[in-house]
$ cat upload-v8.pdb   # PDB, C-alpha atoms and all ligand atoms
ATOM      1  CA  MET A   1     119.727 114.451  84.925
ATOM      2  CA  ASN A   2     120.316 112.495  88.087
ATOM      3  CA  ILE A   3     118.640 109.154  87.712
ATOM      4  CA  TYR A   4     118.382 106.501  90.397
ATOM      5  CA  GLY A   5     117.937 102.804  89.869
ATOM      6  CA  ASN A   6     117.100 100.841  86.728
ATOM      7  CA  SER A   7     120.795 100.666  85.925
ATOM      8  CA  GLU A   8     120.451  97.338  84.099
ATOM      9  CA  PRO A   9     117.999  98.555  81.418
ATOM     10  CA  ARG A  10     120.044 101.746  81.064
ATOM     11  CA  ARG A  11     123.245  99.771  80.608
ATOM     12  CA  LEU A  12     121.594  97.623  77.949
ATOM     13  CA  VAL A  13     120.283 100.599  75.961
ATOM     14  CA  ALA A  14     123.617 102.453  76.235
ATOM     15  CA  GLN A  15     125.436  99.400  74.927
ATOM     16  CA  MET A  16     123.077  99.074  71.960
ATOM     17  CA  ILE A  17     123.514 102.746  71.061
ATOM     18  CA  LYS A  18     127.291 102.444  71.297
ATOM     19  CA  LYS A  19     127.237  99.479  68.951
ATOM     20  CA  ASN A  20     125.049 101.418  66.504
ATOM     21  CA  ARG A  21     122.203  99.014  67.107
ATOM     22  CA  GLU A  22     119.914 101.527  68.782
ATOM     23  CA  PRO A  23     116.490 100.134  69.712
ATOM     24  CA  HIS A  24     113.499 101.504  67.792
ATOM     25  CA  SER A  25     110.623  99.731  69.545
ATOM     26  CA  ILE A  26     110.700  99.508  73.319
ATOM     27  CA  VAL A  27     108.325  98.306  76.032
ATOM     28  CA  ILE A  28     108.997  99.383  79.629
ATOM     29  CA  HIS A  29     107.029  97.427  82.217
ATOM     30  CA  GLY A  30     106.829  97.318  85.996
ATOM     31  CA  GLU A  31     104.929  98.444  89.056
ATOM     32  CA  LYS A  32     103.684 101.974  89.480
ATOM     33  CA  GLY A  33     106.276 104.296  90.985
ATOM     34  CA  LEU A  34     109.379 102.462  89.782
ATOM     35  CA  GLY A  35     110.365 105.077  87.217
ATOM     36  CA  LYS A  36     108.982 103.909  83.867
ATOM     37  CA  LYS A  37     108.413 107.446  82.600
ATOM     38  CA  THR A  38     111.782 108.619  83.893
ATOM     39  CA  LEU A  39     113.457 105.729  82.093
ATOM     40  CA  ALA A  40     111.544 106.552  78.886
ATOM     41  CA  LYS A  41     112.797 110.117  79.106
ATOM     42  CA  TRP A  42     116.356 108.939  79.783
ATOM     43  CA  ILE A  43     116.230 106.664  76.717
ATOM     44  CA  SER A  44     114.852 109.499  74.545
ATOM     45  CA  ALA A  45     117.731 111.691  75.678
ATOM     46  CA  ALA A  46     120.266 108.912  75.071
ATOM     47  CA  LEU A  47     118.908 108.432  71.524
ATOM     48  CA  LEU A  48     118.882 112.142  70.695
ATOM     49  CA  CYS A  49     121.963 113.342  72.623
ATOM     50  CA  GLU A  50     124.356 115.253  70.376
ATOM     51  CA  LYS A  51     127.351 113.422  71.870
ATOM     52  CA  GLN A  52     125.958 109.939  71.058
ATOM     53  CA  SER A  53     127.998 108.279  73.785
ATOM     54  CA  GLY A  54     125.237 105.832  74.708
ATOM     55  CA  GLU A  55     124.054 107.856  77.696
ATOM     56  CA  PRO A  56     122.596 111.363  77.776
ATOM     57  CA  CYS A  57     125.370 113.919  78.406
ATOM     58  CA  GLY A  58     122.821 116.139  80.151
ATOM     59  CA  LEU A  59     124.481 119.295  78.799
ATOM     60  CA  CYS A  60     123.796 119.515  75.069
ATOM     61  CA  LYS A  61     120.803 121.406  73.744
ATOM     62  CA  SER A  62     118.942 118.205  72.962
ATOM     63  CA  CYS A  63     119.403 116.722  76.449
ATOM     64  CA  ARG A  64     118.383 119.969  78.120
ATOM     65  CA  MET A  65     115.254 120.303  75.982
ATOM     66  CA  ILE A  66     114.247 116.728  76.766
ATOM     67  CA  PHE A  67     114.741 117.183  80.508
ATOM     68  CA  ASP A  68     112.676 120.392  80.296
ATOM     69  CA  ASP A  69     109.962 118.490  78.383
ATOM     70  CA  CYS A  70     110.132 120.807  75.388
ATOM     71  CA  HIS A  71     111.953 118.868  72.678
ATOM     72  CA  PRO A  72     109.864 119.069  69.476
ATOM     73  CA  ASP A  73     110.928 115.561  68.414
ATOM     74  CA  VAL A  74     109.907 113.833  71.639
ATOM     75  CA  VAL A  75     106.158 113.365  71.624
ATOM     76  CA  THR A  76     104.242 111.924  74.569
ATOM     77  CA  ALA A  77     100.748 110.635  73.777
ATOM     78  CA  LYS A  78      97.945 111.964  75.985
ATOM     79  CA  SER A  79      95.106 109.876  77.339
ATOM     80  CA  ASN A  80      91.783 111.179  78.623
ATOM     81  CA  ALA A  81      91.009 111.624  82.338
ATOM     82  CA  ASN A  82      90.118 107.922  82.713
ATOM     83  CA  GLY A  83      93.421 106.822  81.257
ATOM     84  CA  ASN A  84      91.952 105.750  77.909
ATOM     85  CA  TYR A  85      93.637 106.683  74.649
ATOM     86  CA  ILE A  86      91.205 108.036  72.089
ATOM     87  CA  VAL A  87      92.890 106.350  69.133
ATOM     88  CA  ASP A  88      91.842 108.896  66.497
ATOM     89  CA  ASP A  89      93.210 111.748  68.594
ATOM     90  CA  SER A  90      96.394 110.289  70.009
ATOM     91  CA  ILE A  91      97.436 107.020  68.359
ATOM     92  CA  ARG A  92      96.646 107.332  64.629
ATOM     93  CA  PRO A  93      98.374 110.747  64.437
ATOM     94  CA  ILE A  94     101.587 109.074  65.667
ATOM     95  CA  VAL A  95     101.480 106.586  62.798
ATOM     96  CA  SER A  96     101.079 109.312  60.179
ATOM     97  CA  ASP A  97     103.590 111.656  61.819
ATOM     98  CA  ALA A  98     106.242 108.925  62.135
ATOM     99  CA  ALA A  99     106.870 109.014  58.377
ATOM    100  CA  VAL A 100     107.868 112.689  58.539
ATOM    101  CA  ALA A 101     111.539 113.516  59.235
ATOM    102  CA  PRO A 102     112.462 115.001  62.636
ATOM    103  CA  SER A 103     112.513 118.783  62.906
ATOM    104  CA  GLU A 104     115.385 119.294  65.329
ATOM    105  CA  GLY A 105     117.251 116.144  66.275
ATOM    106  CA  ARG A 106     118.533 113.015  64.603
ATOM    107  CA  MET A 107     115.463 111.001  65.571
ATOM    108  CA  LYS A 108     111.874 111.306  66.691
ATOM    109  CA  VAL A 109     110.708 109.508  69.810
ATOM    110  CA  TYR A 110     107.063 108.707  70.583
ATOM    111  CA  ILE A 111     106.222 107.788  74.154
ATOM    112  CA  ILE A 112     102.903 106.125  74.956
ATOM    113  CA  PRO A 113     102.718 105.874  78.752
ATOM    114  CA  ASP A 114     100.472 103.696  80.924
ATOM    115  CA  LEU A 115      98.924 101.717  78.090
ATOM    116  CA  ASP A 116      97.454  99.298  80.655
ATOM    117  CA  MET A 117      95.323 102.131  82.035
ATOM    118  CA  SER A 118      93.667 102.427  78.636
ATOM    119  CA  VAL A 119      91.247  99.614  79.445
ATOM    120  CA  ASN A 120      88.952 100.334  76.522
ATOM    121  CA  THR A 121      91.521 100.796  73.767
ATOM    122  CA  ALA A 122      94.781  99.067  74.782
ATOM    123  CA  VAL A 123      94.332  96.323  72.171
ATOM    124  CA  GLN A 124      93.051  98.615  69.430
ATOM    125  CA  ALA A 125      95.976 100.993  70.010
ATOM    126  CA  GLN A 126      98.467  98.138  69.693
ATOM    127  CA  ASN A 127      96.874  96.933  66.467
ATOM    128  CA  ILE A 128      97.134 100.420  65.011
ATOM    129  CA  LEU A 129     100.795 100.676  66.075
ATOM    130  CA  LEU A 130     101.762  97.189  64.956
ATOM    131  CA  LYS A 131     103.043  98.154  61.523
ATOM    132  CA  LEU A 132     105.105 101.023  62.964
ATOM    133  CA  ILE A 133     106.574  98.745  65.612
ATOM    134  CA  GLU A 134     107.339  96.029  63.051
ATOM    135  CA  GLU A 135     109.078  98.319  60.593
ATOM    136  CA  PRO A 136     109.924 101.620  62.242
ATOM    137  CA  PRO A 137     111.462 104.262  59.960
ATOM    138  CA  GLU A 138     115.190 104.728  60.596
ATOM    139  CA  HIS A 139     114.582 108.069  62.316
ATOM    140  CA  THR A 140     111.799 106.852  64.634
ATOM    141  CA  ALA A 141     111.666 105.234  68.049
ATOM    142  CA  ILE A 142     108.537 104.276  69.954
ATOM    143  CA  ILE A 143     108.383 103.581  73.696
ATOM    144  CA  LEU A 144     105.327 101.990  75.330
ATOM    145  CA  THR A 145     104.964 101.673  79.098
ATOM    146  CA  ALA A 146     102.628  99.589  81.263
ATOM    147  CA  ARG A 147     102.522  98.139  84.761
ATOM    148  CA  SER A 148     102.412  94.625  83.371
ATOM    149  CA  LYS A 149     103.898  92.958  80.330
ATOM    150  CA  GLU A 150     100.781  90.788  80.131
ATOM    151  CA  ILE A 151      98.715  93.464  78.448
ATOM    152  CA  PHE A 152     100.804  93.408  75.287
ATOM    153  CA  LEU A 153      99.861  91.394  72.236
ATOM    154  CA  SER A 154     102.330  88.631  71.460
ATOM    155  CA  THR A 155     102.893  90.189  68.040
ATOM    156  CA  ILE A 156     104.058  93.375  69.791
ATOM    157  CA  ILE A 157     106.088  91.853  72.594
ATOM    158  CA  SER A 158     108.037  89.634  70.198
ATOM    159  CA  ARG A 159     109.202  92.663  68.234
ATOM    160  CA  VAL A 160     110.269  95.064  70.963
ATOM    161  CA  LEU A 161     113.137  95.490  73.370
ATOM    162  CA  SER A 162     111.382  94.664  76.640
ATOM    163  CA  LEU A 163     112.772  96.390  79.732
ATOM    164  CA  GLY A 164     111.577  95.664  83.283
ATOM    165  CA  VAL A 165     111.938  98.355  85.955
ATOM    166  CA  THR A 166     112.889  97.370  89.502
ATOM    167  CA  SER A 167     112.994  98.961  92.929
ATOM    168  CA  VAL A 168     116.101 100.602  94.384
ATOM    169  CA  SER A 169     117.612 100.064  97.839
ATOM    170  CA  GLU A 170     116.129 102.053 100.730
ATOM    171  CA  ALA A 171     119.432 103.930 100.987
ATOM    172  CA  GLU A 172     119.094 104.981  97.343
ATOM    173  CA  SER A 173     115.482 106.071  97.910
ATOM    174  CA  THR A 174     116.672 108.249 100.777
ATOM    175  CA  ARG A 175     119.492 109.758  98.710
ATOM    176  CA  CYS A 176     117.200 110.471  95.777
ATOM    177  CA  LEU A 177     114.472 112.101  97.897
ATOM    178  CA  THR A 178     116.944 114.167  99.922
ATOM    179  CA  GLU A 179     118.378 115.528  96.705
ATOM    180  CA  LYS A 180     115.030 116.159  95.052
ATOM    181  CA  TYR A 181     113.303 117.684  98.091
ATOM    182  CA  PRO A 182     115.994 119.606 100.007
ATOM    183  CA  GLU A 183     113.297 121.523 101.923
ATOM    184  CA  VAL A 184     111.765 118.375 103.433
ATOM    185  CA  PRO A 185     113.126 117.499 106.922
ATOM    186  CA  PRO A 186     115.122 114.220 107.122
ATOM    187  CA  ARG A 187     112.601 112.738 109.544
ATOM    188  CA  GLU A 188     109.808 113.151 107.009
ATOM    189  CA  ILE A 189     112.022 111.620 104.291
ATOM    190  CA  ALA A 190     112.769 108.634 106.550
ATOM    191  CA  GLU A 191     109.054 108.218 107.225
ATOM    192  CA  SER A 192     108.278 108.235 103.505
ATOM    193  CA  VAL A 193     110.954 105.596 102.860
ATOM    194  CA  SER A 194     109.567 103.362 105.621
ATOM    195  CA  ALA A 195     106.237 103.501 103.754
ATOM    196  CA  GLY A 196     107.406 103.357 100.127
ATOM    197  CA  ARG A 197     110.657 101.382 100.574
ATOM    198  CA  GLY A 198     112.623 101.118  97.306
ATOM    199  CA  ASN A 199     109.731 102.465  95.240
ATOM    200  CA  ILE A 200     110.660 106.135  94.871
ATOM    201  CA  GLY A 201     107.302 107.019  93.291
ATOM    202  CA  ARG A 202     105.484 105.674  96.333
ATOM    203  CA  CYS A 203     107.781 107.569  98.708
ATOM    204  CA  GLU A 204     106.941 110.732  96.775
ATOM    205  CA  GLU A 205     103.240 109.973  97.012
ATOM    206  CA  TYR A 206     103.639 109.666 100.760
ATOM    207  CA  LEU A 207     105.370 113.047 100.905
ATOM    208  CA  GLY A 208     102.551 114.502  98.812
ATOM    209  CA  LYS A 209      99.969 113.548 101.464
ATOM    210  CA  THR A 210      97.894 111.619  98.921
ATOM    211  CA  ALA A 211      95.484 108.676  99.228
ATOM    212  CA  PHE A 212      98.592 106.518  99.470
ATOM    213  CA  ARG A 213      99.638 108.187 102.725
ATOM    214  CA  SER A 214      96.176 107.759 104.273
ATOM    215  CA  GLY A 215      96.170 104.178 102.972
ATOM    216  CA  VAL A 216      99.474 103.463 104.733
ATOM    217  CA  LEU A 217      97.993 104.602 108.052
ATOM    218  CA  ILE A 218      94.933 102.393 107.553
ATOM    219  CA  ALA A 219      97.044  99.383 106.547
ATOM    220  CA  ARG A 220      99.217  99.754 109.665
ATOM    221  CA  GLU A 221      96.117 100.097 111.874
ATOM    222  CA  LEU A 222      94.609  96.993 110.271
ATOM    223  CA  CYS A 223      97.815  95.121 110.924
ATOM    224  CA  SER A 224      97.913  95.903 114.628
ATOM    225  CA  ALA A 225      94.168  95.192 114.915
ATOM    226  CA  VAL A 226      94.716  91.752 113.390
ATOM    227  CA  VAL A 227      97.763  91.099 115.594
ATOM    228  CA  GLY A 228      95.576  91.985 118.598
ATOM    229  CA  ASN A 229      92.686  89.907 117.199
ATOM    230  CA  ASN A 230      90.351  92.842 117.782
ATOM    231  CA  GLU A 231      87.299  92.968 115.493
ATOM    232  CA  TYR A 232      86.243  96.400 116.694
ATOM    233  CA  ALA A 233      89.721  97.793 115.898
ATOM    234  CA  VAL A 234      89.567  96.196 112.410
ATOM    235  CA  LEU A 235      86.274  97.928 111.722
ATOM    236  CA  LYS A 236      87.549 101.214 113.129
ATOM    237  CA  ALA A 237      90.629 101.062 110.895
ATOM    238  CA  LEU A 238      88.465 100.460 107.800
ATOM    239  CA  PHE A 239      86.097 103.291 108.677
ATOM    240  CA  ALA A 240      89.068 105.642 109.018
ATOM    241  CA  ALA A 241      88.892 105.829 105.202
ATOM    242  CA  ASP A 242      85.954 108.126 105.852
ATOM    243  CA  GLY A 243      83.972 106.838 102.895
ATOM    244  CA  LYS A 244      86.759 107.655 100.438
ATOM    245  CA  LYS A 245      86.954 104.790  97.999
ATOM    246  CA  ALA A 246      90.504 105.522  96.796
ATOM    247  CA  VAL A 247      91.791 105.625 100.379
ATOM    248  CA  LEU A 248      90.009 102.411 101.365
ATOM    249  CA  ARG A 249      91.353 100.669  98.264
ATOM    250  CA  GLU A 250      94.910 101.765  99.061
ATOM    251  CA  GLY A 251      94.526 100.732 102.707
ATOM    252  CA  VAL A 252      93.241  97.253 101.888
ATOM    253  CA  SER A 253      95.774  96.581  99.139
ATOM    254  CA  LEU A 254      98.663  97.856 101.249
ATOM    255  CA  PHE A 255      97.514  95.647 104.103
ATOM    256  CA  ALA A 256      97.487  92.721 101.657
ATOM    257  CA  GLU A 257     101.171  93.434 101.002
ATOM    258  CA  ILE A 258     101.915  93.356 104.737
ATOM    259  CA  VAL A 259     100.112  90.012 105.009
ATOM    260  CA  ARG A 260     102.113  88.668 102.065
ATOM    261  CA  ASP A 261     105.340  89.754 103.761
ATOM    262  CA  SER A 262     104.244  88.066 106.990
ATOM    263  CA  ALA A 263     103.664  84.775 105.136
ATOM    264  CA  VAL A 264     107.114  85.054 103.571
ATOM    265  CA  PHE A 265     108.676  85.692 107.010
ATOM    266  CA  ARG A 266     106.763  82.785 108.526
ATOM    267  CA  LEU A 267     108.132  80.497 105.821
ATOM    268  CA  GLY A 268     111.677  81.540 106.653
ATOM    269  CA  GLY A 269     112.148  84.465 104.235
ATOM    270  CA  ASP A 270     114.571  87.275 105.034
ATOM    271  CA  ARG A 271     112.865  89.438 107.669
ATOM    272  CA  GLU A 272     114.859  92.504 106.703
ATOM    273  CA  LYS A 273     113.675  92.306 103.110
ATOM    274  CA  SER A 274     110.215  93.752 103.159
ATOM    275  CA  VAL A 275     108.360  95.464 100.364
ATOM    276  CA  SER A 276     105.327  96.427 102.415
ATOM    277  CA  CYS A 277     104.727  99.694 104.260
ATOM    278  CA  ASP A 278     105.004  98.092 107.714
ATOM    279  CA  ARG A 279     108.008  95.813 108.169
ATOM    280  CA  GLU A 280     107.672  95.642 111.970
ATOM    281  CA  GLY A 281     103.946  94.925 111.660
ATOM    282  CA  ALA A 282     104.627  92.121 109.180
ATOM    283  CA  LYS A 283     107.123  90.598 111.640
ATOM    284  CA  ARG A 284     104.597  90.694 114.493
ATOM    285  CA  LEU A 285     101.886  89.299 112.225
ATOM    286  CA  SER A 286     104.149  86.417 111.192
ATOM    287  CA  GLU A 287     104.433  85.466 114.869
ATOM    288  CA  THR A 288     100.656  85.212 115.308
ATOM    289  CA  LEU A 289      99.363  84.059 111.927
ATOM    290  CA  SER A 290     100.171  80.717 110.288
ATOM    291  CA  ALA A 291     101.315  80.857 106.666
ATOM    292  CA  GLU A 292      98.133  79.032 105.639
ATOM    293  CA  ARG A 293      95.912  81.639 107.305
ATOM    294  CA  ALA A 294      98.052  84.438 105.921
ATOM    295  CA  VAL A 295      97.502  83.127 102.401
ATOM    296  CA  ARG A 296      93.731  82.918 102.989
ATOM    297  CA  LEU A 297      93.732  86.437 104.375
ATOM    298  CA  TYR A 298      95.774  87.680 101.416
ATOM    299  CA  ASP A 299      93.312  86.146  98.925
ATOM    300  CA  LEU A 300      90.394  87.662 100.825
ATOM    301  CA  LEU A 301      91.952  91.130 100.745
ATOM    302  CA  CYS A 302      92.647  90.884  97.008
ATOM    303  CA  GLU A 303      89.041  89.851  96.416
ATOM    304  CA  TYR A 304      87.853  92.897  98.357
ATOM    305  CA  VAL A 305      90.128  95.234  96.408
ATOM    306  CA  ASN A 306      88.285  94.023  93.289
ATOM    307  CA  ARG A 307      84.932  94.562  94.976
ATOM    308  CA  ILE A 308      85.892  98.110  95.895
ATOM    309  CA  ASP A 309      86.908  98.710  92.272
ATOM    310  CA  ALA A 310      83.538  97.368  91.144
ATOM    311  CA  ASN A 311      81.653 100.255  92.756
ATOM    312  CA  CYS A 312      80.177  98.361  95.675
ATOM    313  CA  ASN A 313      78.377  99.872  98.647
ATOM    314  CA  LEU A 314      81.402 100.889 100.730
ATOM    315  CA  SER A 315      79.812 100.690 104.146
ATOM    316  CA  LEU A 316      78.385  97.190 103.590
ATOM    317  CA  THR A 317      81.683  96.058 102.105
ATOM    318  CA  MET A 318      83.675  97.266 105.107
ATOM    319  CA  ASN A 319      81.363  95.498 107.541
ATOM    320  CA  SER A 320      81.509  92.268 105.606
ATOM    321  CA  LEU A 321      85.294  92.513 105.178
ATOM    322  CA  ALA A 322      85.805  93.047 108.925
ATOM    323  CA  GLY A 323      83.648  89.968 109.668
ATOM    324  CA  GLN A 324      85.531  87.820 107.178
ATOM    325  CA  ILE A 325      88.949  88.949 108.410
ATOM    326  CA  CYS A 326      87.996  88.002 111.944
ATOM    327  CA  ARG A 327      86.689  84.617 110.826
ATOM    328  CA  ILE A 328      90.099  83.854 109.326
ATOM    329  CA  ILE A 329      92.186  85.056 112.254
ATOM    330  CA  GLY A 330      89.811  83.902 115.005
TER     331      GLY A 330
HETATM  332 ZN    ZN A 401     123.408 115.382  75.404
END
$ encode --input "upload-v8.pdb" --output "structure tokens"
Amino acid sequence: MNIYGNSEPRRLVAQMIKKNREPHSIVIHGEKGLGKKTLAKWISAALLCEKQSGEPCGLCKSCRMIFDDCHPDVVTAKSNANGNYIVDDSIRPIVSDAAVAPSEGRMKVYIIPDLDMSVNTAVQAQNILLKLIEEPPEHTAIILTARSKEIFLSTIISRVLSLGVTSVSEAESTRCLTEKYPEVPPREIAESVSAGRGNIGRCEEYLGKTAFRSGVLIARELCSAVVGNNEYAVLKALFAADGKKAVLREGVSLFAEIVRDSAVFRLGGDREKSVSCDREGAKRLSETLSAERAVRLYDLLCEYVNRIDANCNLSLTMNSLAGQICRIIG
């Protein structure tokens, strides 16, 4: 299994396994696309690998089954289509199953991904799991993932090994994508990296022609419209979402990232270190927009992302957003 990035959490886990202090309760947190699920799989393989060297050997039966997602002792909880865990179907069964010895390997691993997406039951699920996390059986490990550490109860977070995932360098993104998608032309790979930067998941979304890719185009259009102080162009960029809420949301939140970068540049931050999908745009914006206005614009955009989430009337929202943007930059 070739794995890119997150070398620090991997080093930590490998060290613990080597010292026979393997972790049993783990929280992996960090932005979408930074490899939380990949890291969870890597840790499962490291825990169950027949060689027990701290890292997965990638060759033994256990490692191969885990990388093919068919190891009977690695169980990933399933949420419903809205991301919510139905606790009676997916969380309580883990608690009762955890007491039973593993069928194949030396341990059983339960992975509960994206707990933050389970808006309705994130707290209930944690309360049900608390006992298991406090006193896990010797043969059990449990891995929870979420975009933010904030969603975890203090009783949970104080008892787990907490691992944060981070982005990789753009060069690493390029290497990873080239290896994973040999059929994709290098130009397309480079384009995806200029949009997703060190977030490999985002680069992949761009390659997949998803809402993220359309959002990147809108965000870049918005940026040049704001640089040109052109209200009509702002409106046109927003309407390019074509009434698709997910695309508009991506576009506005990605533009917010560009604006944040521009404020950082304006305040003397490193202009080569950009996390947004339009580094050049952020540079140009920083030359026209004061840091104070950039911050106001950033807050406005975040507020509108929330409005879009709250099922507003899209057309009215876009018109009002365009007006407000122009009031700030005018
Ligand atoms: Zn192995």
$ resolve_selection --input "upload-v8.pdb" --expression "the PyMOL selection byres (((chain A and resi 31) around 12) and not hetatm)" --output "PDB file with C-alpha atoms, keeping the file's coordinate frame"
ATOM      1  CA  ILE A  28     108.997  99.383  79.629  1.00  0.00           C
ATOM      2  CA  HIS A  29     107.029  97.427  82.217  1.00  0.00           C
ATOM      3  CA  GLY A  30     106.829  97.318  85.996  1.00  0.00           C
ATOM      4  CA  LYS A  32     103.684 101.974  89.480  1.00  0.00           C
ATOM      5  CA  GLY A  33     106.276 104.296  90.985  1.00  0.00           C
ATOM      6  CA  LEU A  34     109.379 102.462  89.782  1.00  0.00           C
ATOM      7  CA  GLY A  35     110.365 105.077  87.217  1.00  0.00           C
ATOM      8  CA  LYS A  36     108.982 103.909  83.867  1.00  0.00           C
ATOM      9  CA  LYS A  37     108.413 107.446  82.600  1.00  0.00           C
ATOM     10  CA  ASP A 114     100.472 103.696  80.924  1.00  0.00           C
ATOM     11  CA  ASP A 116      97.454  99.298  80.655  1.00  0.00           C
ATOM     12  CA  THR A 145     104.964 101.673  79.098  1.00  0.00           C
ATOM     13  CA  ALA A 146     102.628  99.589  81.263  1.00  0.00           C
ATOM     14  CA  ARG A 147     102.522  98.139  84.761  1.00  0.00           C
ATOM     15  CA  SER A 148     102.412  94.625  83.371  1.00  0.00           C
ATOM     16  CA  LYS A 149     103.898  92.958  80.330  1.00  0.00           C
ATOM     17  CA  GLY A 164     111.577  95.664  83.283  1.00  0.00           C
ATOM     18  CA  VAL A 165     111.938  98.355  85.955  1.00  0.00           C
ATOM     19  CA  THR A 166     112.889  97.370  89.502  1.00  0.00           C
ATOM     20  CA  SER A 167     112.994  98.961  92.929  1.00  0.00           C
ATOM     21  CA  GLY A 198     112.623 101.118  97.306  1.00  0.00           C
ATOM     22  CA  ASN A 199     109.731 102.465  95.240  1.00  0.00           C
ATOM     23  CA  ILE A 200     110.660 106.135  94.871  1.00  0.00           C
ATOM     24  CA  GLY A 201     107.302 107.019  93.291  1.00  0.00           C
ATOM     25  CA  ARG A 202     105.484 105.674  96.333  1.00  0.00           C
TER      26      ARG A 202
END
$ closest_residue --input "upload-v8.pdb" --among "A:Met65, A:Ile189, A:Cys49, A:Leu267" --to "ligand ZN 401 (chain A)" --atoms "only C-alpha atoms and all ligand atoms"
A:Cys49
$ resolve_selection --input "upload-v8.pdb" --expression "the PyMOL selection byres (((chain A and resi 322-324) around 10) and not hetatm)" --output "MDAnalysis selection string"
chainID A and resid 222 230:238 297 300:301 317:321 325:330
$ residues_near_ligand --input "upload-v8.pdb" --ligand "ligand ZN 401 (chain A)" --cutoff "8 Å" --atoms "all atoms listed in the file" --output "number ranges by chain"
A: 45-46, 48-52, 55-64
$ residues_around --input "upload-v8.pdb" --residues "Met16 in chain A" --least-positions-apart "6" --cutoff "12 Å" --atoms "all atoms listed in the file" --output "VMD selection string"
chain A and resid 9 to 10 22 to 24 43 46 to 47 52 to 55 161
$ atom_distance --input "upload-v8.pdb" --atom1 "CA of Leu39 in chain A" --atom2 "CA of Thr174 in chain A"
19.1 Å
$ closest_residue --input "upload-v8.pdb" --among "A:Gly228, A:Pro113, A:Gly251, A:Pro102" --to "Pro72 in chain A" --atoms "only C-alpha atoms"
A:Pro102
$ closest_residue --input "upload-v8.pdb" --among "A:Asn229, A:Ser169, A:Ser315, A:Gln124" --to "Ile151 in chain A" --atoms "only C-alpha atoms"
A:Gln124
$ residues_around --input "upload-v8.pdb" --residues "Arg220 in chain A" --least-positions-apart "5" --cutoff "12 Å" --atoms "all atoms listed in the file" --output "VMD selection string"
chain A and resid 194 to 195 213 to 215 225 to 227 233 to 234 237 to 238 240 250 to 259 276 to 282 284 to 285
$ write_last_selection --input "upload-v8.pdb" --atoms "C-alpha atoms" --output "PDB file, in the coordinates of the input"
ATOM      1  CA  SER A 194     109.567 103.362 105.621  1.00  0.00           C
ATOM      2  CA  ALA A 195     106.237 103.501 103.754  1.00  0.00           C
ATOM      3  CA  ARG A 213      99.638 108.187 102.725  1.00  0.00           C
ATOM      4  CA  SER A 214      96.176 107.759 104.273  1.00  0.00           C
ATOM      5  CA  GLY A 215      96.170 104.178 102.972  1.00  0.00           C
ATOM      6  CA  ALA A 225      94.168  95.192 114.915  1.00  0.00           C
ATOM      7  CA  VAL A 226      94.716  91.752 113.390  1.00  0.00           C
ATOM      8  CA  VAL A 227      97.763  91.099 115.594  1.00  0.00           C
ATOM      9  CA  ALA A 233      89.721  97.793 115.898  1.00  0.00           C
ATOM     10  CA  VAL A 234      89.567  96.196 112.410  1.00  0.00           C
ATOM     11  CA  ALA A 237      90.629 101.062 110.895  1.00  0.00           C
ATOM     12  CA  LEU A 238      88.465 100.460 107.800  1.00  0.00           C
ATOM     13  CA  ALA A 240      89.068 105.642 109.018  1.00  0.00           C
ATOM     14  CA  GLU A 250      94.910 101.765  99.061  1.00  0.00           C
ATOM     15  CA  GLY A 251      94.526 100.732 102.707  1.00  0.00           C
ATOM     16  CA  VAL A 252      93.241  97.253 101.888  1.00  0.00           C
ATOM     17  CA  SER A 253      95.774  96.581  99.139  1.00  0.00           C
ATOM     18  CA  LEU A 254      98.663  97.856 101.249  1.00  0.00           C
ATOM     19  CA  PHE A 255      97.514  95.647 104.103  1.00  0.00           C
ATOM     20  CA  ALA A 256      97.487  92.721 101.657  1.00  0.00           C
ATOM     21  CA  GLU A 257     101.171  93.434 101.002  1.00  0.00           C
ATOM     22  CA  ILE A 258     101.915  93.356 104.737  1.00  0.00           C
ATOM     23  CA  VAL A 259     100.112  90.012 105.009  1.00  0.00           C
ATOM     24  CA  SER A 276     105.327  96.427 102.415  1.00  0.00           C
ATOM     25  CA  CYS A 277     104.727  99.694 104.260  1.00  0.00           C
ATOM     26  CA  ASP A 278     105.004  98.092 107.714  1.00  0.00           C
ATOM     27  CA  ARG A 279     108.008  95.813 108.169  1.00  0.00           C
ATOM     28  CA  GLU A 280     107.672  95.642 111.970  1.00  0.00           C
ATOM     29  CA  GLY A 281     103.946  94.925 111.660  1.00  0.00           C
ATOM     30  CA  ALA A 282     104.627  92.121 109.180  1.00  0.00           C
ATOM     31  CA  ARG A 284     104.597  90.694 114.493  1.00  0.00           C
ATOM     32  CA  LEU A 285     101.886  89.299 112.225  1.00  0.00           C
TER      33      LEU A 285
END
$ closest_residue --input "upload-v8.pdb" --among "A:His139, A:Arg187, A:Arg260, A:Arg249" --to "Cys312 in chain A" --atoms "all atoms listed in the file"
A:Arg249
$ atom_distance --input "upload-v8.pdb" --atom1 "CA of Glu172 in chain A" --atom2 "CA of Leu12 in chain A"
20.9 Å
$ residues_around --input "upload-v8.pdb" --residues "Ile112 in chain A" --least-positions-apart "2" --cutoff "8 Å" --atoms "only C-alpha atoms" --output "number ranges by chain"
A: 76-78, 110, 114-115, 142-145
$ atom_distance --input "upload-v8.pdb" --atom1 "CA of Ala125 in chain A" --atom2 "CA of Val74 in chain A"
19.0 Å
$ closest_residue --input "upload-v8.pdb" --among "A:Ser192, A:Ser154, A:Ser79, A:Asn127" --to "Tyr206 in chain A" --atoms "all atoms listed in the file"
A:Ser192
$ resolve_selection --input "upload-v8.pdb" --expression "the PyMOL selection byres (((chain A and resi 93) around 12) and not hetatm)" --output "ChimeraX atom specification"
/A:75-78,85-92,94-100,110,125,128-129,132
$ residues_around --input "upload-v8.pdb" --residues "Arg175 in chain A" --least-positions-apart "5" --cutoff "12 Å" --atoms "all atoms listed in the file" --output "JSON, numbers by chain"
{"A": [2, 3, 4, 5, 168, 169, 170, 180, 181, 182, 186, 189, 190, 193, 198, 200, 203]}
